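What follows is the content of final15.txt, which has compact mmCIF, C-alpha atoms and all ligand atoms:
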# COMPACT_ATOMS: atom_id res chain seq x y z
CA MET G 1 -24.17 10.81 -21.70
CA ILE G 2 -20.94 10.09 -19.84
CA ASN G 3 -18.12 8.06 -21.33
CA THR G 4 -17.71 5.02 -19.10
CA GLU G 5 -14.23 3.64 -18.46
CA THR G 6 -13.67 0.22 -16.95
CA ILE G 7 -10.54 -0.15 -14.86
CA LEU G 8 -9.08 -3.38 -13.49
CA VAL G 9 -7.85 -2.89 -9.92
CA THR G 10 -5.94 -5.75 -8.29
CA GLY G 11 -5.69 -6.08 -4.52
CA GLY G 12 -8.62 -3.73 -3.96
CA ALA G 13 -9.67 -5.43 -0.71
CA GLY G 14 -6.35 -4.54 0.95
CA PHE G 15 -5.42 -1.34 2.75
CA ILE G 16 -4.42 1.04 -0.05
CA GLY G 17 -6.54 -0.69 -2.71
CA ALA G 18 -9.75 -0.35 -0.67
CA ASN G 19 -9.02 3.30 0.12
CA PHE G 20 -8.33 3.88 -3.58
CA ILE G 21 -11.62 2.28 -4.65
CA HIS G 22 -13.57 4.47 -2.19
CA PHE G 23 -11.67 7.53 -3.46
CA ALA G 24 -11.91 6.75 -7.19
CA LEU G 25 -15.62 5.86 -7.23
CA LYS G 26 -16.34 9.13 -5.43
CA ASN G 27 -14.14 11.28 -7.67
CA ARG G 28 -14.64 9.57 -11.04
CA PRO G 29 -18.39 9.06 -11.65
CA ASN G 30 -17.65 7.55 -15.09
CA TRP G 31 -15.48 4.74 -13.67
CA GLN G 32 -16.52 1.13 -13.42
CA ILE G 33 -14.05 -0.83 -11.29
CA VAL G 34 -13.44 -4.56 -11.54
CA ASN G 35 -11.63 -5.51 -8.33
CA LEU G 36 -9.63 -8.75 -8.47
CA ASP G 37 -8.47 -9.90 -5.04
CA LEU G 38 -7.53 -13.27 -3.56
CA LEU G 39 -8.67 -12.25 -0.04
CA THR G 40 -5.51 -13.38 1.72
CA TYR G 41 -5.24 -12.62 5.45
CA ALA G 42 -4.65 -8.96 4.40
CA GLY G 43 -7.71 -8.56 2.18
CA ASN G 44 -11.19 -8.18 3.54
CA LEU G 45 -14.45 -7.31 1.83
CA ILE G 46 -15.74 -5.51 4.89
CA SER G 47 -13.40 -2.65 3.91
CA LEU G 48 -15.69 -2.19 0.90
CA ALA G 49 -18.98 -2.80 2.71
CA THR G 50 -18.88 0.90 3.63
CA LEU G 51 -19.04 2.03 -0.02
CA PRO G 52 -21.98 4.44 -0.38
CA VAL G 53 -25.00 2.68 -1.88
CA GLU G 54 -24.97 4.97 -4.92
CA HIS G 55 -21.40 3.87 -5.81
CA ARG G 56 -21.80 0.12 -5.34
CA SER G 57 -23.15 -0.67 -8.80
CA ARG G 58 -19.87 0.63 -10.28
CA HIS G 59 -17.79 -1.87 -8.28
CA THR G 60 -17.59 -5.54 -9.29
CA PHE G 61 -15.66 -7.86 -7.01
CA VAL G 62 -13.90 -10.92 -8.47
CA HIS G 63 -12.45 -13.39 -5.97
CA GLY G 64 -9.31 -14.71 -7.62
CA ASP G 65 -5.57 -14.83 -7.99
CA ILE G 66 -3.37 -12.61 -10.17
CA ARG G 67 -1.36 -15.79 -10.85
CA ASN G 68 -4.36 -17.44 -12.57
CA THR G 69 -3.72 -17.08 -16.33
CA ASP G 70 -7.14 -18.44 -17.40
CA LEU G 71 -9.05 -16.18 -15.05
CA LEU G 72 -7.13 -13.13 -16.29
CA ALA G 73 -7.73 -14.09 -19.94
CA ARG G 74 -11.47 -14.36 -19.19
CA LEU G 75 -11.56 -10.97 -17.46
CA PHE G 76 -9.70 -9.26 -20.31
CA GLN G 77 -12.13 -10.87 -22.80
CA GLN G 78 -15.18 -9.70 -20.84
CA HIS G 79 -13.97 -6.10 -20.43
CA ALA G 80 -12.05 -3.66 -22.62
CA PHE G 81 -10.10 -2.28 -19.65
CA ALA G 82 -8.89 1.30 -20.09
CA GLY G 83 -6.10 0.42 -17.68
CA VAL G 84 -4.88 -1.75 -14.83
CA ILE G 85 -3.96 -0.43 -11.38
CA HIS G 86 -1.93 -3.14 -9.70
CA PHE G 87 -1.94 -3.12 -5.88
CA ALA G 88 -2.09 -6.87 -5.21
CA ALA G 89 0.97 -8.03 -3.29
CA GLU G 90 2.28 -9.56 -0.12
CA SER G 91 3.20 -6.36 1.69
CA HIS G 92 4.61 -7.02 5.17
CA VAL G 93 8.41 -6.91 5.55
CA ASP G 94 8.53 -9.05 8.74
CA ARG G 95 6.44 -11.78 7.08
CA SER G 96 8.85 -11.78 4.12
CA ILE G 97 11.71 -12.45 6.53
CA ARG G 98 9.86 -15.44 8.03
CA GLY G 99 8.69 -16.82 4.68
CA PRO G 100 9.98 -15.26 1.45
CA GLN G 101 8.55 -17.75 -1.08
CA VAL G 102 5.01 -16.37 -1.30
CA PHE G 103 6.53 -12.91 -1.87
CA VAL G 104 8.36 -14.26 -4.92
CA ASP G 105 5.27 -16.12 -6.12
CA THR G 106 2.79 -13.25 -5.77
CA ASN G 107 4.88 -10.12 -6.16
CA VAL G 108 7.16 -11.35 -8.95
CA GLY G 109 5.26 -14.28 -10.53
CA GLY G 110 1.82 -12.69 -10.11
CA THR G 111 2.97 -9.37 -11.56
CA CYS G 112 4.46 -11.20 -14.58
CA THR G 113 1.24 -13.15 -15.17
CA LEU G 114 -0.77 -9.92 -14.98
CA LEU G 115 1.68 -8.14 -17.31
CA GLN G 116 1.39 -10.92 -19.90
CA ALA G 117 -2.43 -10.91 -19.77
CA SER G 118 -2.42 -7.11 -20.10
CA LEU G 119 0.00 -7.27 -23.03
CA ASP G 120 -2.03 -9.94 -24.86
CA ALA G 121 -5.24 -7.93 -24.52
CA TRP G 122 -3.52 -4.64 -25.41
CA GLN G 123 -2.06 -6.15 -28.59
CA GLU G 124 -5.39 -7.76 -29.56
CA ARG G 125 -7.12 -4.39 -29.18
CA GLY G 126 -4.67 -2.72 -31.60
CA ARG G 127 -2.22 -1.34 -29.01
CA PRO G 128 -4.21 1.71 -27.78
CA ALA G 129 -1.72 4.42 -26.76
CA ASP G 130 -3.86 5.62 -23.85
CA PHE G 131 -3.90 2.22 -22.09
CA ARG G 132 -1.99 2.25 -18.78
CA PHE G 133 -0.50 -0.54 -16.69
CA HIS G 134 0.01 1.27 -13.38
CA HIS G 135 2.32 -0.64 -11.05
CA VAL G 136 2.04 0.45 -7.41
CA SER G 137 5.44 0.07 -5.80
CA THR G 138 7.46 1.17 -2.81
CA ASP G 139 10.42 3.36 -1.85
CA GLU G 140 11.95 0.27 -0.20
CA VAL G 141 13.37 -0.80 -3.59
CA TYR G 142 16.02 1.92 -3.17
CA GLY G 143 17.38 0.45 0.08
CA SER G 144 18.42 2.45 3.11
CA LEU G 145 19.57 6.06 3.53
CA GLY G 146 21.93 7.53 6.11
CA LEU G 147 21.01 10.70 7.99
CA THR G 148 20.91 12.87 4.85
CA GLY G 149 19.62 12.73 1.27
CA ALA G 150 16.39 11.50 -0.32
CA PHE G 151 15.42 8.95 -2.98
CA THR G 152 14.87 10.31 -6.49
CA GLU G 153 13.62 8.36 -9.50
CA GLN G 154 17.29 7.96 -10.46
CA SER G 155 18.40 6.36 -7.18
CA PRO G 156 19.93 2.92 -7.76
CA TYR G 157 17.98 -0.13 -6.66
CA ASP G 158 19.41 -1.70 -3.49
CA PRO G 159 16.65 -3.68 -1.72
CA SER G 160 17.31 -5.15 1.74
CA SER G 161 14.40 -7.47 2.60
CA PRO G 162 12.83 -10.31 0.63
CA TYR G 163 9.75 -8.05 0.37
CA SER G 164 11.66 -5.15 -1.16
CA ALA G 165 13.68 -7.49 -3.40
CA SER G 166 10.42 -8.94 -4.74
CA LYS G 167 8.99 -5.45 -5.36
CA ALA G 168 12.26 -4.41 -7.06
CA ALA G 169 12.07 -7.47 -9.34
CA SER G 170 8.44 -6.67 -10.20
CA ASP G 171 9.40 -3.07 -11.08
CA HIS G 172 12.09 -4.41 -13.42
CA PHE G 173 9.60 -6.71 -15.15
CA VAL G 174 7.18 -3.83 -15.69
CA ARG G 175 9.94 -1.74 -17.29
CA ALA G 176 11.05 -4.74 -19.36
CA TYR G 177 7.50 -5.11 -20.76
CA GLY G 178 7.58 -1.42 -21.64
CA ARG G 179 10.95 -1.52 -23.35
CA THR G 180 10.54 -4.88 -25.07
CA TYR G 181 6.88 -4.83 -26.11
CA ASP G 182 6.01 -1.10 -25.77
CA LEU G 183 3.30 -1.83 -23.16
CA PRO G 184 2.39 1.65 -21.83
CA PHE G 185 3.14 1.59 -18.10
CA VAL G 186 3.68 3.95 -15.19
CA ILE G 187 5.35 3.01 -11.90
CA THR G 188 4.88 4.84 -8.61
CA ASN G 189 7.24 4.29 -5.67
CA CYS G 190 5.62 5.52 -2.50
CA SER G 191 6.75 5.92 1.10
CA ASN G 192 5.03 4.48 4.21
CA ASN G 193 1.26 4.89 4.20
CA PHE G 194 -1.06 5.06 7.18
CA GLY G 195 -4.79 5.58 7.65
CA PRO G 196 -8.10 3.66 7.79
CA TYR G 197 -8.32 -0.05 6.88
CA GLN G 198 -4.59 -0.77 7.42
CA PHE G 199 -4.05 -4.29 8.68
CA PRO G 200 -3.02 -4.14 12.37
CA GLU G 201 0.36 -5.78 11.73
CA LYS G 202 1.90 -2.50 10.48
CA LEU G 203 3.50 -0.06 12.95
CA ILE G 204 0.77 2.56 13.40
CA PRO G 205 -2.37 0.38 13.64
CA LEU G 206 -0.51 -2.24 15.72
CA MET G 207 0.49 0.44 18.24
CA ILE G 208 -3.02 1.94 18.33
CA CYS G 209 -4.53 -1.48 19.06
CA ASN G 210 -1.91 -2.34 21.69
CA ILE G 211 -2.24 1.03 23.45
CA LEU G 212 -6.01 0.55 23.59
CA ALA G 213 -5.61 -2.96 25.03
CA GLU G 214 -2.79 -1.80 27.38
CA LYS G 215 -0.42 -4.37 25.84
CA PRO G 216 3.37 -3.92 25.39
CA LEU G 217 4.39 -1.63 22.49
CA PRO G 218 7.18 -3.55 20.68
CA VAL G 219 9.69 -1.06 19.24
CA TYR G 220 12.40 -2.73 17.14
CA GLY G 221 16.02 -1.95 18.08
CA ASN G 222 16.47 1.54 19.55
CA GLY G 223 13.45 3.02 17.73
CA GLU G 224 15.60 5.57 15.88
CA ASN G 225 14.81 4.22 12.38
CA ILE G 226 13.11 6.84 10.23
CA ARG G 227 10.23 6.54 7.77
CA ASP G 228 8.67 9.19 5.49
CA TRP G 229 4.94 9.00 6.27
CA LEU G 230 2.07 9.72 3.89
CA TYR G 231 -1.65 9.68 4.68
CA VAL G 232 -3.30 7.08 2.47
CA LEU G 233 -5.80 9.57 0.96
CA ASP G 234 -2.88 11.70 -0.24
CA HIS G 235 -1.42 8.56 -1.83
CA CYS G 236 -4.78 7.94 -3.53
CA SER G 237 -4.88 11.44 -5.05
CA ALA G 238 -1.30 10.98 -6.30
CA LEU G 239 -2.16 7.60 -7.84
CA LEU G 240 -5.15 9.00 -9.69
CA ARG G 241 -3.02 11.91 -10.97
CA VAL G 242 -0.27 9.59 -12.27
CA PHE G 243 -2.72 7.08 -13.77
CA GLU G 244 -4.52 9.83 -15.71
CA LYS G 245 -1.76 12.36 -16.42
CA GLY G 246 1.54 10.53 -16.04
CA THR G 247 3.70 9.98 -19.11
CA ALA G 248 3.91 6.37 -20.29
CA GLY G 249 7.23 4.75 -19.45
CA GLN G 250 7.86 7.07 -16.48
CA THR G 251 8.37 6.47 -12.78
CA TYR G 252 7.10 8.87 -10.11
CA ASN G 253 8.18 8.89 -6.47
CA ILE G 254 5.42 9.76 -3.99
CA GLY G 255 6.09 10.95 -0.45
CA GLY G 256 4.70 13.22 2.22
CA GLY G 257 7.96 14.88 3.26
CA THR G 258 7.14 13.93 6.85
CA GLU G 259 10.06 12.09 8.37
CA GLN G 260 9.54 10.61 11.81
CA SER G 261 11.51 8.13 13.89
CA ASN G 262 9.54 5.09 15.04
CA ILE G 263 9.91 5.98 18.71
CA ASP G 264 8.57 9.50 18.06
CA ILE G 265 5.52 8.05 16.31
CA VAL G 266 4.85 5.68 19.19
CA ARG G 267 5.19 8.49 21.74
CA GLN G 268 2.81 10.73 19.76
CA LEU G 269 0.25 7.92 19.62
CA CYS G 270 0.60 7.38 23.37
CA LYS G 271 -0.03 11.09 24.04
CA ILE G 272 -3.02 11.34 21.69
CA MET G 273 -4.60 8.21 23.10
CA ASP G 274 -3.96 8.97 26.79
CA LYS G 275 -5.93 12.18 26.22
CA LYS G 276 -8.74 10.55 24.24
CA LEU G 277 -9.08 7.63 26.64
CA GLY G 278 -8.91 9.81 29.74
CA ARG G 279 -5.75 8.09 31.02
CA THR G 280 -3.10 9.76 33.18
CA ALA G 281 -0.44 11.53 31.08
CA GLY G 282 2.45 9.10 30.48
CA ALA G 283 0.39 5.98 31.24
CA SER G 284 0.69 4.46 27.74
CA GLU G 285 4.39 5.36 27.33
CA SER G 286 5.15 2.98 30.17
CA LEU G 287 4.04 0.17 27.82
CA ILE G 288 6.93 0.82 25.38
CA ALA G 289 9.18 -2.26 25.11
CA PHE G 290 12.38 -2.19 23.05
CA VAL G 291 12.68 -5.60 21.37
CA THR G 292 15.19 -7.38 19.12
CA ASP G 293 15.74 -5.47 15.90
CA ARG G 294 14.39 -6.55 12.50
CA PRO G 295 17.19 -8.30 10.54
CA GLY G 296 18.46 -6.06 7.73
CA HIS G 297 16.37 -3.18 9.14
CA ASP G 298 16.64 -0.19 6.78
CA PHE G 299 17.68 2.87 8.79
CA ARG G 300 15.97 5.68 6.92
CA TYR G 301 13.65 6.31 3.96
CA ALA G 302 12.99 9.76 2.52
CA ILE G 303 11.36 10.64 -0.78
CA ASP G 304 12.23 13.52 -3.08
CA ALA G 305 8.78 14.14 -4.61
CA ALA G 306 9.88 17.05 -6.85
CA LYS G 307 9.02 15.24 -10.09
CA ILE G 308 5.35 14.52 -9.32
CA LYS G 309 4.97 17.99 -7.80
CA GLU G 310 6.49 19.83 -10.75
CA GLU G 311 5.30 17.70 -13.67
CA LEU G 312 1.87 16.68 -12.39
CA ASP G 313 1.10 19.48 -9.90
CA TRP G 314 0.39 17.08 -7.01
CA GLN G 315 0.68 18.09 -3.34
CA PRO G 316 -0.32 16.22 -0.18
CA GLN G 317 -3.36 17.84 1.46
CA TYR G 318 -3.18 16.48 5.01
CA SER G 319 -0.74 17.49 7.74
CA PHE G 320 0.85 14.57 9.56
CA ALA G 321 -0.59 15.60 12.95
CA GLU G 322 -4.14 15.91 11.56
CA ALA G 323 -3.88 12.63 9.67
CA LEU G 324 -2.53 10.79 12.71
CA ARG G 325 -5.44 12.05 14.82
CA ASN G 326 -7.93 11.04 12.07
CA THR G 327 -6.36 7.59 12.01
CA VAL G 328 -6.59 7.13 15.79
CA ASP G 329 -10.23 8.28 15.67
CA TRP G 330 -10.98 5.86 12.83
CA TYR G 331 -9.55 2.85 14.72
CA LEU G 332 -11.29 3.78 17.96
CA ALA G 333 -14.59 4.00 16.08
CA ASN G 334 -13.95 0.82 14.08
CA MET G 335 -12.69 -1.79 16.54
CA ALA G 336 -15.34 -4.11 15.07
CA TRP G 337 -13.41 -3.92 11.78
CA VAL G 338 -10.18 -4.74 13.64
CA ASP G 339 -11.80 -7.71 15.39
CA SER G 340 -13.15 -9.10 12.16
CA VAL G 341 -9.85 -8.90 10.23
CA ARG G 342 -7.93 -10.52 13.09
CA SER G 343 -8.34 -14.16 12.24
CA GLY G 344 -6.85 -17.18 13.98
CA THR G 345 -3.87 -17.05 11.59
CA TYR G 346 -3.20 -13.46 12.61
CA ARG G 347 -3.01 -14.51 16.24
CA GLN G 348 -0.46 -17.20 15.29
CA TRP G 349 1.57 -14.50 13.52
CA LEU G 350 1.65 -12.37 16.68
CA GLU G 351 3.05 -15.31 18.67
CA LEU G 352 5.61 -16.14 15.98
CA ASN G 353 6.87 -12.57 15.54
CA TYR G 354 6.72 -11.15 19.05
CA ASP G 355 6.69 -13.84 21.75
CA LYS G 356 10.43 -14.60 21.74
CA ARG G 357 11.75 -11.22 20.59
P1 LIG G 401 -2.14 -5.11 1.81
O1 LIG G 401 -1.29 -6.26 2.26
O2 LIG G 401 -2.99 -4.39 2.79
O3 LIG G 401 -3.14 -5.62 0.64
C1 LIG G 401 -2.72 -6.48 -0.38
C2 LIG G 401 -3.97 -7.01 -1.09
O4 LIG G 401 -3.54 -7.87 -2.16
C3 LIG G 401 -4.88 -7.86 -0.19
O5 LIG G 401 -6.24 -7.48 -0.38
C4 LIG G 401 -4.65 -9.27 -0.67
O6 LIG G 401 -5.79 -10.12 -0.50
C5 LIG G 401 -4.33 -9.05 -2.15
N1 LIG G 401 -3.54 -10.15 -2.72
C6 LIG G 401 -2.43 -10.72 -2.22
N2 LIG G 401 -2.01 -11.72 -3.03
C7 LIG G 401 -2.86 -11.75 -4.08
C8 LIG G 401 -2.94 -12.53 -5.28
N3 LIG G 401 -2.05 -13.50 -5.52
N4 LIG G 401 -3.94 -12.30 -6.15
C9 LIG G 401 -4.86 -11.31 -5.90
N5 LIG G 401 -4.85 -10.56 -4.80
C10 LIG G 401 -3.85 -10.76 -3.90
O7 LIG G 401 -1.15 -4.13 1.05
P2 LIG G 401 -1.18 -2.53 0.96
O8 LIG G 401 -0.48 -1.97 2.11
O9 LIG G 401 -2.55 -2.09 0.62
O10 LIG G 401 -0.24 -2.31 -0.32
C11 LIG G 401 -0.79 -2.31 -1.64
C12 LIG G 401 0.36 -2.13 -2.63
O11 LIG G 401 1.04 -0.92 -2.36
C13 LIG G 401 1.41 -3.23 -2.55
O12 LIG G 401 1.82 -3.55 -3.86
C14 LIG G 401 2.55 -2.60 -1.75
O13 LIG G 401 3.79 -3.16 -2.13
C15 LIG G 401 2.43 -1.15 -2.18
N6 LIG G 401 2.90 -0.16 -1.20
C16 LIG G 401 2.45 -0.18 0.09
C17 LIG G 401 2.87 0.80 0.99
C18 LIG G 401 2.39 0.83 2.42
O14 LIG G 401 2.88 1.64 3.20
N7 LIG G 401 1.42 0.01 2.82
C19 LIG G 401 3.75 1.80 0.56
C20 LIG G 401 4.19 1.78 -0.77
C21 LIG G 401 3.76 0.81 -1.64
O1 LIG G 402 6.05 -4.02 15.78
C1 LIG G 402 6.74 -3.23 15.08
N1 LIG G 402 7.72 -2.49 15.69
C2 LIG G 402 8.54 -1.64 15.01
O2 LIG G 402 9.41 -1.00 15.60
C3 LIG G 402 6.54 -3.08 13.67
C4 LIG G 402 5.48 -3.87 12.95
C5 LIG G 402 7.37 -2.19 13.00
N2 LIG G 402 8.35 -1.51 13.63
C6 LIG G 402 9.22 -0.58 12.86
C7 LIG G 402 9.87 -1.18 11.64
C8 LIG G 402 9.95 -0.02 10.67
O3 LIG G 402 11.13 0.73 10.90
O4 LIG G 402 8.37 0.46 12.36
C9 LIG G 402 8.75 0.85 11.04
C10 LIG G 402 7.56 0.65 10.12
O5 LIG G 402 7.34 -0.76 10.01
P1 LIG G 402 6.17 -1.38 9.10
O6 LIG G 402 4.88 -0.77 9.50
O7 LIG G 402 6.33 -2.86 9.13
O8 LIG G 402 6.53 -0.76 7.68
P2 LIG G 402 7.84 -0.87 6.75
O9 LIG G 402 8.67 -2.02 7.10
O10 LIG G 402 8.52 0.49 6.80
O11 LIG G 402 7.16 -1.09 5.32
C11 LIG G 402 5.96 -0.36 4.95
O12 LIG G 402 6.25 0.73 4.13
C12 LIG G 402 6.63 0.48 2.80
C13 LIG G 402 4.94 -1.29 4.29
O13 LIG G 402 4.70 -2.41 5.11
C14 LIG G 402 5.41 -1.71 2.92
O14 LIG G 402 4.40 -2.48 2.27
C15 LIG G 402 5.69 -0.48 2.11
O15 LIG G 402 6.20 -0.84 0.86
Rewritten as structure tokens:
Amino acid sequence: MINTETILVTGGAGFIGANFIHFALKNRPNWQIVNLDLLTYAGNLISLATLPVEHRSRHTFVHGDIRNTDLLARLFQQHAFAGVIHFAAESHVDRSIRGPQVFVDTNVGGTCTLLQASLDAWQERGRPADFRFHHVSTDEVYGSLGLTGAFTEQSPYDPSSPYSASKAASDHFVRAYGRTYDLPFVITNCSNNFGPYQFPEKLIPLMICNILAEKPLPVYGNGENIRDWLYVLDHCSALLRVFEKGTAGQTYNIGGGTEQSNIDIVRQLCKIMDKKLGRTAGASESLIAFVTDRPGHDFRYAIDAAKIKEELDWQPQYSFAEALRNTVDWYLANMAWVDSVRSGTYRQWLELNYDKR
């Protein structure tokens, strides 16, 4: 007889959330997941249609908004959640520059509504010490680095974009609920993810799709900005480790230790894809177009992941080169997924963001 645990996952139809649900149902046979997702442009149930048949009965999808107090109260009454893993957010920096309000509403307001519902239920159930509110956050809250150094859990908050400011505010609210009401939380701040099911507005899937379609490859500024890349499955294993073994009240930085400039990433993708598509060497690189920089563009992110490595014995398993090849293969094999997540509103976004750059 296995001890079943029911976990509330928010945003589980998005990129990292969907990967996490696949990963957790496979690795935790005693988990039941209730997945609450609004299905914005970035969330799509077809990312979960590939769940193996034998795992599907342990996944319950609820179409709804983390800002809906009544819905949350109902869910917490129906289930004695062992914890909450909170992915739901507006996640794209460029969109936050064009329209910050929804980032405040969802990332700050939605997180507060979810925190309050979690607190109410946790108090009603006699404040179980093993409950966890796991807030999934980003390294962007720490701002921008110069050529040296790396973000630790002690780095001061210094967000640049409306997106990162909204994530920083949500982190502060989570800590405030911990300090004020003792709600047991953990926060993870992770670097740039890539892999299957990532919406093709983010750098890597956008470039893969444009290379395939022989469209221009829009590199912001001079392309020298640096990100610390982590394969999404390595992020998933880190999340599971922190959720289960992390100390309440603690923050853990997660990163792959793989720093790459944007232009290097684009060139690697061009090389990999020229080979796979049987194109002449250098053919795709000729599509690179340097375009107007992102306003407030952070120069460099790098994560010092010593704490999660030493305290929780977590290590990434995938090399960057292998993971990048896996990702290209996944997109080439799943262009039907890409076509179905690219709605009319996504096409309008492409015009708005790129046409006059
Ligand atoms: P995503 O944009 O792919 O998915 C977000 C999901 O949240 C979507 O399914 C969307 O429908 C859902 N959602 C949005 N608003 C909602 C609401 N009001 N109620 C319920 N659901 C809602 O994002 P992602 O890249 O998977 O990121 C997931 C989380 O991880 C975010 O909190 C993000 O800040 C964080 N994060 C992302 C990265 C990255 O590289 N992608 C890195 C570090 C941290
Ligand atoms: O068309 C593009 N051209 C380009 O040069 C796009 C979309 C991006 N870029 C650059 C901007 C960044 O320096 O590539 C880099 C990566 O851009 P994004 O994929 O938009 O990611 P980033 O802004 O770094 O934020 C991501 O990582 C941290 C996620 O979107 C966030 O949700 C996460 O918190």
Step by step, measure atom-to-atom distances between ligand LIG 402 (chain G) and each residue using all atoms listed in the file, keep those at most 7 Å, then write them as a PyMOL selection string. chain G and resi 91-94+137-140+191-193+201-204+206+218-220+223+225-227+262+297-298
Using all atoms listed in the file, what are the residues with an atom within 7 Å of ligand LIG 401 (chain G), set out as a ChimeraX atom specification? /G:10-17,36-44,64-67,86-92,106,110,136-139,167,189-194,198-199
Stretch 325-332 of chain G environment, 10 Å, all atoms listed in the file, sequence neighbours closer than 4 positions dropped, as an MDAnalysis selection string: chainID G and resid 194:198 200 204:205 208:209 212 231 268:269 272:273 276:277 320:321 336:338
Given all atoms listed in the file as the basis, pick out the residue of G:Gln101, G:Asn27, G:Thr180, G:Gln123 nearest to G:Gly249. G:Thr180
Residue contacts of G:Asp120 (9 Å, only C-alpha atoms) excluding same-chain residues fewer than 4 positions away, as an MDAnalysis selection string: chainID G and resid 73 76 115:116 124:125
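For the pair atom CA of G:Gly246 and atom CA of G:Pro159, the separation is 25.2 Å.
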Considering all atoms listed in the file, state which residue in the set G:Val9, G:Ile211, G:Lys309, G:Phe299 is at the smallest distance from G:Leu287. G:Ile211
